[in-house]
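**Q** What follows is upload-v8.cif, made up of mmCIF, C-alpha atoms:
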```cif
data_run
#
loop_
_atom_site.label_atom_id
_atom_site.label_comp_id
_atom_site.auth_asym_id
_atom_site.auth_seq_id
_atom_site.Cartn_x
_atom_site.Cartn_y
_atom_site.Cartn_z
CA MET P 1 -64.17 -88.02 39.35
CA SER P 2 -65.41 -86.74 35.99
CA ASN P 3 -64.98 -89.03 32.99
CA THR P 4 -64.38 -86.07 30.65
CA ILE P 5 -61.10 -86.73 28.84
CA ILE P 6 -61.07 -83.70 26.49
CA SER P 7 -62.46 -80.30 27.40
CA ALA P 8 -62.22 -77.37 24.97
CA SER P 9 -63.28 -73.84 25.87
CA ASN P 10 -63.51 -70.98 23.35
CA ILE P 11 -60.76 -72.38 21.09
CA GLY P 12 -59.57 -70.10 18.31
CA LYS P 13 -56.68 -70.27 15.84
CA LYS P 14 -55.50 -67.18 14.01
CA TYR P 15 -53.14 -67.01 11.05
CA ILE P 16 -51.57 -64.00 9.38
CA ILE P 17 -51.76 -64.14 5.59
CA ARG P 18 -49.12 -61.97 3.95
CA HIS P 19 -49.46 -60.60 0.43
CA ASN P 20 -46.04 -59.86 -1.05
CA LYS P 21 -46.53 -59.67 -4.78
CA ASP P 22 -42.96 -58.36 -5.25
CA ALA P 23 -41.31 -61.45 -3.76
CA TYR P 24 -40.36 -63.01 -7.10
CA LEU P 25 -39.90 -59.99 -9.37
CA THR P 26 -36.96 -59.78 -11.76
CA LEU P 27 -34.65 -56.74 -11.77
CA ARG P 28 -36.48 -55.33 -14.80
CA ASP P 29 -39.86 -55.78 -13.04
CA GLN P 30 -38.54 -54.06 -9.91
CA ILE P 31 -37.29 -51.05 -11.90
CA ALA P 32 -40.67 -50.82 -13.65
CA GLU P 33 -42.58 -51.09 -10.36
CA THR P 34 -40.39 -48.35 -8.82
CA GLY P 35 -41.29 -46.05 -11.70
CA LYS P 36 -44.99 -46.82 -11.34
CA ALA P 37 -44.84 -46.15 -7.59
CA LEU P 38 -43.24 -42.73 -8.16
CA ALA P 39 -45.89 -41.88 -10.74
CA ARG P 40 -48.68 -42.88 -8.34
CA LYS P 41 -47.22 -40.65 -5.61
CA ILE P 42 -47.21 -37.69 -8.00
CA VAL P 43 -50.75 -38.29 -9.26
CA LYS P 44 -52.27 -39.42 -5.91
CA PRO P 45 -49.87 -38.33 -3.16
CA LYS P 46 -52.32 -39.09 -0.33
CA SER P 47 -53.41 -42.52 -1.50
CA SER P 48 -52.94 -45.18 1.17
CA PRO P 49 -51.04 -48.36 0.24
CA LYS P 50 -52.85 -51.68 0.18
CA LYS P 51 -52.49 -53.88 3.24
CA ALA P 52 -49.60 -56.32 2.96
CA GLU P 53 -51.25 -58.79 5.33
CA GLU P 54 -54.61 -59.91 6.64
CA THR P 55 -55.89 -61.91 9.60
CA PHE P 56 -57.54 -65.28 9.00
CA TRP P 57 -59.32 -67.22 11.74
CA ALA P 58 -59.19 -70.93 10.92
CA LEU P 59 -61.09 -71.69 14.16
CA ARG P 60 -63.14 -69.42 16.35
CA GLY P 61 -65.11 -69.93 19.56
CA LEU P 62 -65.06 -73.77 19.70
CA SER P 63 -66.28 -75.29 22.95
CA PHE P 64 -67.01 -78.97 23.52
CA GLU P 65 -66.43 -81.91 25.86
CA ILE P 66 -65.58 -85.52 24.99
CA LYS P 67 -66.05 -88.34 27.48
CA GLN P 68 -63.70 -91.26 27.99
CA GLY P 69 -64.44 -94.11 25.57
CA GLU P 70 -66.49 -91.99 23.16
CA ARG P 71 -66.14 -92.34 19.40
CA VAL P 72 -66.54 -88.84 17.97
CA GLY P 73 -66.66 -87.95 14.28
CA ILE P 74 -65.59 -84.52 13.07
CA ILE P 75 -67.14 -83.59 9.73
CA GLY P 76 -67.44 -80.56 7.46
CA ARG P 77 -66.48 -79.23 4.07
CA ASN P 78 -62.89 -78.73 2.93
CA GLY P 79 -61.51 -75.70 4.74
CA ALA P 80 -63.97 -75.97 7.62
CA GLY P 81 -61.13 -76.26 10.17
CA LYS P 82 -61.13 -80.01 10.89
CA SER P 83 -57.39 -80.61 10.37
CA THR P 84 -56.50 -77.43 12.30
CA LEU P 85 -58.55 -78.66 15.25
CA LEU P 86 -56.83 -82.05 15.17
CA LYS P 87 -53.39 -80.42 15.10
CA ILE P 88 -54.31 -78.44 18.21
CA LEU P 89 -55.63 -81.56 19.95
CA SER P 90 -52.44 -83.41 18.95
CA ARG P 91 -50.34 -80.59 20.44
CA ILE P 92 -48.69 -79.93 17.08
CA THR P 93 -49.77 -76.29 17.21
CA GLU P 94 -51.11 -74.07 19.99
CA PRO P 95 -54.48 -72.30 19.93
CA SER P 96 -54.49 -68.51 19.63
CA THR P 97 -57.34 -68.22 22.13
CA GLY P 98 -59.06 -70.51 24.59
CA GLU P 99 -57.97 -73.52 26.57
CA ILE P 100 -57.87 -77.30 26.06
CA ARG P 101 -57.61 -79.79 28.88
CA MET P 102 -56.73 -83.40 28.03
CA ARG P 103 -56.05 -86.44 30.18
CA GLY P 104 -53.86 -89.28 28.94
CA ARG P 105 -51.51 -90.05 26.08
CA VAL P 106 -52.48 -89.00 22.56
CA ALA P 107 -51.66 -90.95 19.38
CA SER P 108 -52.43 -89.09 16.17
CA LEU P 109 -52.40 -90.15 12.54
CA LEU P 110 -52.76 -86.94 10.55
CA GLU P 111 -50.54 -87.38 7.49
CA VAL P 112 -48.90 -90.27 5.69
CA GLY P 113 -45.58 -91.06 7.36
CA THR P 114 -45.99 -88.70 10.32
CA GLY P 115 -43.30 -89.52 12.89
CA PHE P 116 -41.41 -91.87 10.56
CA HIS P 117 -37.79 -91.42 9.52
CA PRO P 118 -37.43 -92.33 5.81
CA GLU P 119 -33.91 -93.75 6.21
CA LEU P 120 -34.87 -96.13 9.02
CA THR P 121 -36.42 -99.54 8.47
CA GLY P 122 -39.97 -100.46 9.36
CA ARG P 123 -38.71 -102.30 12.45
CA GLU P 124 -36.70 -99.28 13.64
CA ASN P 125 -39.58 -96.89 12.97
CA ILE P 126 -41.95 -98.97 15.11
CA TYR P 127 -39.63 -98.45 18.09
CA LEU P 128 -39.04 -94.78 17.17
CA ASN P 129 -42.74 -94.02 16.80
CA GLY P 130 -43.55 -95.86 20.00
CA ALA P 131 -40.93 -93.85 21.88
CA ILE P 132 -42.40 -90.61 20.49
CA LEU P 133 -45.79 -91.71 21.85
CA GLY P 134 -44.22 -92.16 25.27
CA MET P 135 -44.00 -95.97 25.34
CA SER P 136 -41.19 -97.90 26.98
CA LYS P 137 -39.07 -100.35 24.97
CA LYS P 138 -40.64 -103.24 26.91
CA GLU P 139 -44.18 -102.08 26.01
CA ILE P 140 -43.26 -101.77 22.34
CA ALA P 141 -41.63 -105.22 22.26
CA ARG P 142 -44.75 -106.74 23.82
CA LYS P 143 -46.95 -105.35 21.04
CA PHE P 144 -44.40 -105.70 18.23
CA ASP P 145 -45.72 -108.94 16.67
CA GLU P 146 -49.34 -107.68 16.72
CA ILE P 147 -48.30 -104.45 14.98
CA VAL P 148 -46.42 -106.25 12.22
CA GLN P 149 -49.22 -108.75 11.66
CA PHE P 150 -51.86 -106.01 11.47
CA ALA P 151 -49.80 -103.85 9.08
CA GLU P 152 -49.05 -106.82 6.78
CA VAL P 153 -45.47 -105.66 6.11
CA GLU P 154 -43.53 -108.72 7.37
CA ARG P 155 -41.57 -109.09 4.11
CA PHE P 156 -40.46 -105.44 4.16
CA LEU P 157 -39.84 -105.05 7.88
CA ASP P 158 -36.09 -104.50 7.42
CA THR P 159 -36.47 -102.25 4.36
CA PRO P 160 -36.09 -98.45 4.75
CA VAL P 161 -39.58 -96.93 4.79
CA LYS P 162 -38.62 -94.43 2.08
CA ARG P 163 -39.15 -97.35 -0.30
CA TYR P 164 -42.65 -98.06 1.06
CA SER P 165 -45.73 -97.16 -0.94
CA SER P 166 -48.17 -94.66 0.60
CA GLY P 167 -50.48 -97.57 1.45
CA MET P 168 -47.71 -99.41 3.32
CA TYR P 169 -46.85 -96.19 5.16
CA VAL P 170 -50.44 -95.83 6.34
CA ARG P 171 -50.79 -99.48 7.35
CA LEU P 172 -47.67 -99.37 9.51
CA ALA P 173 -48.40 -95.92 10.98
CA PHE P 174 -51.97 -96.85 11.91
CA ALA P 175 -50.87 -100.20 13.36
CA VAL P 176 -48.36 -98.47 15.64
CA ALA P 177 -50.81 -95.76 16.76
CA ALA P 178 -53.66 -98.20 17.44
CA HIS P 179 -51.70 -100.97 19.20
CA LEU P 180 -49.58 -98.92 21.57
CA GLU P 181 -52.56 -98.26 23.83
CA PRO P 182 -52.93 -94.47 23.89
CA GLU P 183 -55.84 -93.08 25.89
CA ILE P 184 -56.83 -90.88 22.90
CA LEU P 185 -56.53 -91.95 19.25
CA ILE P 186 -56.88 -89.20 16.62
CA VAL P 187 -57.25 -90.25 12.98
CA ASP P 188 -57.58 -87.87 10.01
CA GLU P 189 -58.73 -88.62 6.45
CA VAL P 190 -55.36 -90.34 5.91
CA LEU P 191 -57.09 -93.75 5.94
CA ALA P 192 -58.47 -92.95 2.47
CA VAL P 193 -55.02 -93.85 1.11
CA GLY P 194 -55.51 -97.51 2.05
CA ASP P 195 -57.55 -100.01 0.09
CA ALA P 196 -61.16 -100.86 0.97
CA GLN P 197 -60.23 -104.03 2.85
CA PHE P 198 -57.68 -102.23 5.02
CA GLN P 199 -60.08 -99.34 5.71
CA LYS P 200 -62.62 -101.86 6.98
CA LYS P 201 -59.90 -103.44 9.12
CA CYS P 202 -58.98 -100.03 10.57
CA LEU P 203 -62.59 -99.16 11.38
CA GLY P 204 -62.90 -102.47 13.19
CA LYS P 205 -59.73 -101.77 15.16
CA MET P 206 -60.90 -98.26 16.11
CA ASP P 207 -64.19 -99.74 17.31
CA GLU P 208 -62.21 -102.27 19.37
CA VAL P 209 -60.04 -99.48 20.79
CA ALA P 210 -63.12 -97.49 21.86
CA ARG P 211 -64.78 -100.53 23.42
CA GLY P 212 -61.62 -100.96 25.47
CA GLY P 213 -62.36 -97.63 27.15
CA ARG P 214 -60.17 -95.41 25.00
CA THR P 215 -61.34 -92.35 23.08
CA VAL P 216 -61.37 -92.07 19.28
CA LEU P 217 -61.61 -88.86 17.22
CA PHE P 218 -62.18 -89.57 13.54
CA VAL P 219 -62.22 -87.09 10.63
CA SER P 220 -63.58 -88.32 7.30
CA HIS P 221 -65.63 -87.25 4.29
CA ASN P 222 -66.99 -90.79 4.12
CA MET P 223 -70.34 -90.48 5.88
CA ASN P 224 -70.83 -94.25 5.81
CA ALA P 225 -67.61 -94.75 7.80
CA ILE P 226 -68.57 -91.97 10.23
CA SER P 227 -72.06 -93.35 10.82
CA SER P 228 -70.83 -96.93 11.31
CA LEU P 229 -68.06 -96.02 13.79
CA CYS P 230 -69.03 -92.84 15.65
CA GLU P 231 -71.79 -92.45 18.21
CA ARG P 232 -71.43 -88.68 18.34
CA CYS P 233 -70.50 -86.05 15.77
CA ILE P 234 -69.25 -82.46 15.58
CA LEU P 235 -70.03 -80.43 12.44
CA LEU P 236 -67.65 -77.58 11.55
CA ASP P 237 -68.18 -74.85 8.99
CA GLY P 238 -66.07 -71.73 8.59
CA GLY P 239 -64.07 -72.58 11.70
CA LYS P 240 -67.16 -72.72 13.95
CA ILE P 241 -69.24 -75.52 15.41
CA ILE P 242 -72.55 -75.61 13.55
CA SER P 243 -73.94 -78.67 15.28
CA GLN P 244 -72.92 -81.43 17.67
CA GLY P 245 -74.87 -84.41 18.94
CA ARG P 246 -75.99 -87.84 17.77
CA THR P 247 -74.23 -88.93 14.58
CA ASN P 248 -77.29 -89.49 12.39
CA THR P 249 -78.79 -86.12 13.34
CA VAL P 250 -75.57 -84.18 12.65
CA ILE P 251 -74.94 -86.01 9.35
CA LYS P 252 -78.44 -85.05 8.17
CA LYS P 253 -77.70 -81.39 8.92
CA TYR P 254 -74.38 -81.62 7.08
CA LEU P 255 -75.92 -83.26 4.02
CA ALA P 256 -78.72 -80.68 4.01
CA THR P 257 -76.11 -77.91 3.65
CA GLN P 258 -74.62 -79.71 0.63
CA GLN P 259 -77.84 -79.80 -1.34
CA VAL P 260 -77.82 -78.14 -4.76
CA ALA P 261 -81.42 -77.06 -4.27
CA SER P 262 -83.73 -77.62 -1.33
CA ASP P 263 -86.93 -76.71 -3.09
CA GLY P 264 -88.42 -75.62 -6.36
CA GLU P 265 -87.46 -76.00 -9.99
CA VAL P 266 -83.78 -76.36 -10.88
CA ASP P 267 -82.31 -74.70 -13.95
CA LEU P 268 -79.92 -77.25 -15.46
CA ARG P 269 -78.35 -75.01 -18.07
CA PRO P 270 -75.20 -73.92 -16.16
CA GLN P 271 -72.21 -75.87 -17.49
CA ARG P 272 -70.70 -76.33 -14.01
CA MET P 273 -73.18 -79.11 -13.27
CA ARG P 274 -72.32 -81.22 -16.28
CA LYS P 275 -69.86 -84.11 -16.29
CA ASN P 276 -69.71 -85.22 -19.93
CA SER P 277 -66.14 -85.18 -21.17
CA LEU P 278 -66.98 -84.17 -24.75
CA GLU P 279 -68.83 -81.08 -25.87
CA ASP P 280 -72.06 -82.31 -27.43
CA SER P 281 -74.65 -79.77 -28.56
CA ARG P 282 -77.18 -82.33 -29.82
CA PHE P 283 -79.11 -82.45 -26.55
CA LYS P 284 -79.05 -80.61 -23.23
CA PHE P 285 -81.12 -81.02 -20.08
CA THR P 286 -82.73 -77.69 -19.20
CA ASN P 287 -84.95 -78.17 -16.14
CA ILE P 288 -85.93 -80.67 -13.47
CA CYS P 289 -88.51 -80.55 -10.69
CA ILE P 290 -90.41 -82.81 -8.33
CA LEU P 291 -94.20 -82.55 -7.94
CA ASN P 292 -95.76 -83.69 -4.67
CA SER P 293 -99.12 -85.44 -4.37
CA LYS P 294 -100.88 -82.07 -4.83
CA GLN P 295 -98.91 -81.48 -8.05
CA LYS P 296 -97.00 -78.59 -6.50
CA ILE P 297 -93.26 -78.15 -7.04
CA SER P 298 -91.36 -79.33 -3.96
CA SER P 299 -88.32 -81.49 -3.29
CA HIS P 300 -89.65 -82.40 0.16
CA ILE P 301 -92.26 -85.16 -0.02
CA PHE P 302 -93.96 -87.50 2.44
CA MET P 303 -93.32 -91.22 2.42
CA ASN P 304 -96.96 -92.30 2.15
CA GLU P 305 -97.73 -90.02 -0.81
CA PRO P 306 -96.99 -90.44 -4.53
CA PHE P 307 -94.78 -87.92 -6.35
CA THR P 308 -93.76 -87.12 -9.92
CA LEU P 309 -90.36 -86.41 -11.43
CA VAL P 310 -90.45 -83.96 -14.35
CA ILE P 311 -87.43 -83.68 -16.68
CA GLN P 312 -87.08 -81.28 -19.62
CA GLY P 313 -84.47 -81.01 -22.33
CA VAL P 314 -83.86 -79.57 -25.79
CA ALA P 315 -82.58 -81.53 -28.80
CA ASN P 316 -81.11 -79.65 -31.78
CA GLU P 317 -81.62 -82.66 -34.04
CA ASP P 318 -83.17 -86.12 -34.05
CA ILE P 319 -80.89 -88.51 -32.17
CA GLU P 320 -81.37 -92.16 -33.11
CA GLU P 321 -80.58 -95.09 -30.81
CA SER P 322 -80.62 -92.83 -27.77
CA THR P 323 -82.35 -92.81 -24.44
CA ILE P 324 -82.93 -90.64 -21.38
CA GLY P 325 -82.37 -91.98 -17.88
CA TYR P 326 -82.30 -91.00 -14.25
CA SER P 327 -80.56 -92.49 -11.20
CA VAL P 328 -81.25 -92.33 -7.48
CA ASP P 329 -78.40 -92.32 -4.96
CA SER P 330 -78.55 -92.46 -1.16
CA SER P 331 -77.36 -89.56 0.99
CA LEU P 332 -74.06 -91.41 1.46
CA GLY P 333 -73.51 -91.61 -2.30
CA PHE P 334 -74.50 -95.24 -2.87
CA PRO P 335 -76.38 -95.90 -6.14
CA LEU P 336 -79.81 -97.37 -5.42
CA PHE P 337 -81.56 -97.77 -8.77
CA ASN P 338 -81.97 -96.24 -12.21
CA SER P 339 -84.47 -96.22 -15.04
CA PHE P 340 -84.44 -95.41 -18.77
CA SER P 341 -87.09 -94.12 -21.15
CA PRO P 342 -88.69 -96.86 -23.28
CA GLU P 343 -88.44 -94.74 -26.45
CA LYS P 344 -85.01 -95.30 -28.05
CA ARG P 345 -85.00 -91.99 -29.86
CA ILE P 346 -84.83 -88.31 -28.90
CA LYS P 347 -86.84 -86.10 -31.24
CA LYS P 348 -85.74 -82.60 -32.21
CA GLY P 349 -87.14 -79.76 -30.10
CA LEU P 350 -88.33 -79.47 -26.50
CA VAL P 351 -89.05 -82.78 -24.80
CA THR P 352 -90.64 -83.37 -21.38
CA TYR P 353 -90.55 -86.62 -19.40
CA LYS P 354 -92.83 -87.35 -16.44
CA ILE P 355 -92.09 -90.32 -14.16
CA ASN P 356 -94.66 -91.25 -11.51
CA PHE P 357 -93.48 -92.78 -8.23
CA ASN P 358 -95.80 -94.82 -6.05
CA PRO P 359 -96.03 -94.02 -2.33
CA ASN P 360 -93.88 -95.96 0.18
CA ILE P 361 -91.07 -96.63 -2.31
CA LEU P 362 -88.26 -94.73 -0.59
CA ALA P 363 -87.63 -94.90 3.13
CA PRO P 364 -87.33 -91.62 5.06
CA GLY P 365 -84.08 -89.82 4.28
CA MET P 366 -82.30 -87.67 1.70
CA TYR P 367 -81.54 -88.72 -1.87
CA THR P 368 -79.75 -87.38 -4.93
CA LEU P 369 -81.19 -87.72 -8.44
CA GLY P 370 -78.91 -87.70 -11.48
CA LEU P 371 -79.70 -87.42 -15.19
CA GLY P 372 -78.12 -88.95 -18.26
CA ALA P 373 -78.70 -88.87 -22.02
CA ASN P 374 -77.00 -91.49 -24.20
CA GLY P 375 -76.72 -91.73 -27.96
CA ALA P 376 -73.50 -93.11 -29.47
CA GLY P 377 -71.79 -92.03 -26.28
CA ILE P 378 -72.78 -89.75 -23.41
CA VAL P 379 -74.67 -86.75 -24.78
CA ASP P 380 -75.35 -85.05 -21.45
CA TRP P 381 -74.75 -86.15 -17.86
CA ILE P 382 -75.65 -84.35 -14.62
CA PRO P 383 -74.88 -86.61 -11.62
CA GLU P 384 -76.39 -84.30 -8.97
CA ALA P 385 -79.33 -82.66 -10.70
CA ILE P 386 -81.66 -82.34 -7.71
CA HIS P 387 -81.98 -83.48 -4.10
CA LEU P 388 -85.04 -85.14 -2.61
CA THR P 389 -86.04 -85.38 1.04
CA VAL P 390 -88.52 -88.08 2.10
CA ASP P 391 -90.23 -87.44 5.45
CA ASN P 392 -91.45 -90.21 7.73
CA VAL P 393 -94.22 -87.97 9.06
CA SER P 394 -97.33 -87.59 6.90
CA SER P 395 -98.75 -84.25 5.81
CA THR P 396 -101.18 -84.42 8.75
CA GLY P 397 -98.26 -84.53 11.18
CA LYS P 398 -98.85 -88.15 12.16
CA SER P 399 -96.27 -90.92 11.72
CA ASN P 400 -97.68 -94.33 10.80
CA HIS P 401 -94.45 -95.91 9.62
CA PRO P 402 -91.69 -97.71 11.51
CA GLN P 403 -88.07 -96.63 11.39
CA TYR P 404 -86.50 -98.34 8.38
CA GLY P 405 -82.94 -99.59 8.43
CA GLY P 406 -82.54 -99.50 4.64
CA VAL P 407 -83.41 -97.03 1.92
CA ILE P 408 -85.69 -99.02 -0.39
CA VAL P 409 -89.11 -100.27 0.68
CA TYR P 410 -89.65 -103.35 -1.45
CA PRO P 411 -93.31 -103.51 -2.60
CA TYR P 412 -93.97 -107.19 -2.00
CA LYS P 413 -97.31 -108.53 -0.71
CA TRP P 414 -97.73 -110.26 2.63
CA LYS P 415 -100.06 -113.19 3.21
CA ILE P 416 -100.87 -114.20 6.78
CA TYR P 417 -102.47 -117.50 7.78
CA HIS P 418 -103.82 -117.79 11.33
CA ASP P 419 -105.52 -121.18 11.14
CA LYS P 420 -103.87 -123.21 8.44
CA TYR P 421 -101.84 -122.76 5.27
CA THR P 422 -103.93 -122.85 2.02
#
```
As structure tokens - that is how I would like this structure written.
**A**
Amino acid sequence: MSNTIISASNIGKKYIIRHNKDAYLTLRDQIAETGKALARKIVKPKSSPKKAEETFWALRGLSFEIKQGERVGIIGRNGAGKSTLLKILSRITEPSTGEIRMRGRVASLLEVGTGFHPELTGRENIYLNGAILGMSKKEIARKFDEIVQFAEVERFLDTPVKRYSSGMYVRLAFAVAAHLEPEILIVDEVLAVGDAQFQKKCLGKMDEVARGGRTVLFVSHNMNAISSLCERCILLDGGKIISQGRTNTVIKKYLATQQVASDGEVDLRPQRMRKNSLEDSRFKFTNICILNSKQKISSHIFMNEPFTLVIQGVANEDIEESTIGYSVDSSLGFPLFNSFSPEKRIKKGLVTYKINFNPNILAPGMYTLGLGANGAGIVDWIPEAIHLTVDNVSSTGKSNHPQYGGVIVYPYKWKIYHDKYT
């Protein structure tokens, strides 16, 4: 017997978007529009009216299989179709095309408070939610104490859930879904509502659920959570599957699509990139680029080769007690290190900074470099100025480096003694 628990073939979901601009017109507006329509008919009697509706495909042509016990992450940009896919898998909505075959009970946590009645207490909602999931009263009673303990809502168990905070809602809803032993557990980004400690607790529980032979589908924009929990990943974009496979490989493809620039020199003048809250014309970053070991512009460098970061900016006046700095973040958004110029003054005019990096500093992977200029407050700040890719393979095509678990290669010196310590 096959251990495939979810099989999707050519799944599509179509919506009709209607454009009715006259829906909220006043009587005066309607009289005016009627006059304009008559005038248009006289001037252009054969003109065709604009379409009042259009077809939008939220999903199109999705095919995949998920095995029993797999932990699968579903990632993609906002609007990629992740939530629509989960609603179809949860049987909340039907696909417009294609077929889905699923074996076993499904527990889904898609929105805060899904399946809860606001007037009922936490105790009553545990039994209600369990019944919705297809559990008997005896099964729910057996798991009741574990659910309450996990959700940490003992004091408020007999309080109507309409008085719960969003965090309490999520804790109780997740506890019910995870403890009532469904064969398939579907969790959307809703866990972001909880605090960091509870998110860690939930990830641990989902890992435990999967190790018990049940299947977990997890949607999140937190790539660290996805990589730590999921062994396989599906990448969606525009309602289509762009990639599916091992988690680390798919995450790399997703992050590559998010890069501001993959190569070359980046013009930093557009205002959309800046994050300083106050308009400050004293100094602005204008350009940034990375030079490889051959002093050619490229944001793709090899681990065993040095590279240079070049930053340019323009100051309209001398700025005292000020400094220029850069920061390096990992592909998951974690800050790694930063550095500031030793000169505590920005001189008027064009200024260029060159920072030389030694080889074997950054482990293979993708990084984001940000820029900041300070002088009696933030003068200019660009958190994602350029992206850098470090390749494990050298320019000759040969790999001489092991696979690193971290992101920083600390440049300490080894001493080895074979005979005796001296």
**Q** For the structure provided, state which residues fall under the PyMOL selection byres ((chain P and resi 388) around 7), and present them as a list of chain:residue names.
**A**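 Given this file, the PyMOL selection byres ((chain P and resi 388) around 7) evaluates to P:Ser299, P:His300, P:Met366, P:Tyr367, P:Thr368, P:Ile386, P:His387, P:Thr389, P:Val390.
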**Q** Run the PyMOL selection byres ((chain P and resi 8-20) around 9) on the file and write out the hits as a ChimeraX atom specification.
**A** /P:6-7,21-24,51-66,84-85,88,94-102,239
**Q** Can I get the residues of range 204-244 of chain P within 10 Å of range 332-339 of chain P, each with the closest pair of atoms and their distance in Å to one decimal, using all atoms listed in the file, sorted chain first then ascending number, as CSV?
**A**
```
residue,atom,partner,partner_atom,distance
P:His221,CA,P:Leu332,CA,9.8
P:Asn222,CA,P:Leu332,CA,7.6
P:Met223,CA,P:Leu332,CA,5.9
P:Asn224,CA,P:Leu332,CA,6.1
P:Ala225,CA,P:Leu332,CA,9.6
P:Ser227,CA,P:Leu332,CA,9.8
```
**Q** What gap, in Å, lies between CA of Asn287 in chain P and CA of Val351 in chain P?
**A**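 A separation of 10.6 Å between them.
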**Q** What gap, in Å, lies between CA of Ile288 in chain P and CA of Val266 in chain P?
**A**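 It comes out at 5.5 Å.
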**Q** So how far away is CA of Phe302 in chain P from CA of Tyr254 in chain P, in Å?
**A**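 The value is 21.0 Å.
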**Q** Since the input has fewer atoms than a full residue there, write range 198-211 of chain P out with N, CA and C atoms, as a PDB file, keeping the file's coordinate frame.
**A**
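To be explicit, this is the file written out as part16.pdb:
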```pdb
ATOM      1  N   PHE P 198     -58.430-102.737   3.879  1.00  0.00           N
ATOM      2  CA  PHE P 198     -57.680-102.230   5.020  1.00  0.00           C
ATOM      3  C   PHE P 198     -58.473-101.162   5.769  1.00  0.00           C
ATOM      4  N   GLN P 199     -59.239-100.335   5.045  1.00  0.00           N
ATOM      5  CA  GLN P 199     -60.080 -99.340   5.710  1.00  0.00           C
ATOM      6  C   GLN P 199     -61.077-100.016   6.641  1.00  0.00           C
ATOM      7  N   LYS P 200     -61.674-101.107   6.157  1.00  0.00           N
ATOM      8  CA  LYS P 200     -62.620-101.860   6.980  1.00  0.00           C
ATOM      9  C   LYS P 200     -61.917-102.424   8.207  1.00  0.00           C
ATOM     10  N   LYS P 201     -60.703-102.897   8.018  1.00  0.00           N
ATOM     11  CA  LYS P 201     -59.900-103.440   9.120  1.00  0.00           C
ATOM     12  C   LYS P 201     -59.605-102.355  10.150  1.00  0.00           C
ATOM     13  N   CYS P 202     -59.285-101.154   9.670  1.00  0.00           N
ATOM     14  CA  CYS P 202     -58.980-100.030  10.570  1.00  0.00           C
ATOM     15  C   CYS P 202     -60.204 -99.598  11.366  1.00  0.00           C
ATOM     16  N   LEU P 203     -61.354 -99.540  10.688  1.00  0.00           N
ATOM     17  CA  LEU P 203     -62.590 -99.160  11.380  1.00  0.00           C
ATOM     18  C   LEU P 203     -62.913-100.165  12.482  1.00  0.00           C
ATOM     19  N   GLY P 204     -62.692-101.449  12.173  1.00  0.00           N
ATOM     20  CA  GLY P 204     -62.900-102.470  13.190  1.00  0.00           C
ATOM     21  C   GLY P 204     -61.973-102.318  14.374  1.00  0.00           C
ATOM     22  N   LYS P 205     -60.706-101.961  14.091  1.00  0.00           N
ATOM     23  CA  LYS P 205     -59.730-101.770  15.160  1.00  0.00           C
ATOM     24  C   LYS P 205     -60.082-100.553  16.006  1.00  0.00           C
ATOM     25  N   MET P 206     -60.524 -99.448  15.362  1.00  0.00           N
ATOM     26  CA  MET P 206     -60.900 -98.260  16.110  1.00  0.00           C
ATOM     27  C   MET P 206     -62.106 -98.546  17.004  1.00  0.00           C
ATOM     28  N   ASP P 207     -63.039 -99.344  16.506  1.00  0.00           N
ATOM     29  CA  ASP P 207     -64.190 -99.740  17.310  1.00  0.00           C
ATOM     30  C   ASP P 207     -63.735-100.560  18.512  1.00  0.00           C
ATOM     31  N   GLU P 208     -62.767-101.452  18.286  1.00  0.00           N
ATOM     32  CA  GLU P 208     -62.210-102.270  19.370  1.00  0.00           C
ATOM     33  C   GLU P 208     -61.499-101.395  20.402  1.00  0.00           C
ATOM     34  N   VAL P 209     -60.759-100.400  19.904  1.00  0.00           N
ATOM     35  CA  VAL P 209     -60.040 -99.480  20.790  1.00  0.00           C
ATOM     36  C   VAL P 209     -61.021 -98.736  21.693  1.00  0.00           C
ATOM     37  N   ALA P 210     -62.135 -98.247  21.083  1.00  0.00           N
ATOM     38  CA  ALA P 210     -63.120 -97.490  21.860  1.00  0.00           C
ATOM     39  C   ALA P 210     -63.818 -98.377  22.888  1.00  0.00           C
ATOM     40  N   ARG P 211     -64.119 -99.614  22.495  1.00  0.00           N
ATOM     41  CA  ARG P 211     -64.780-100.530  23.420  1.00  0.00           C
ATOM     42  C   ARG P 211     -63.868-100.901  24.587  1.00  0.00           C
TER      43      ARG P 211
END
```
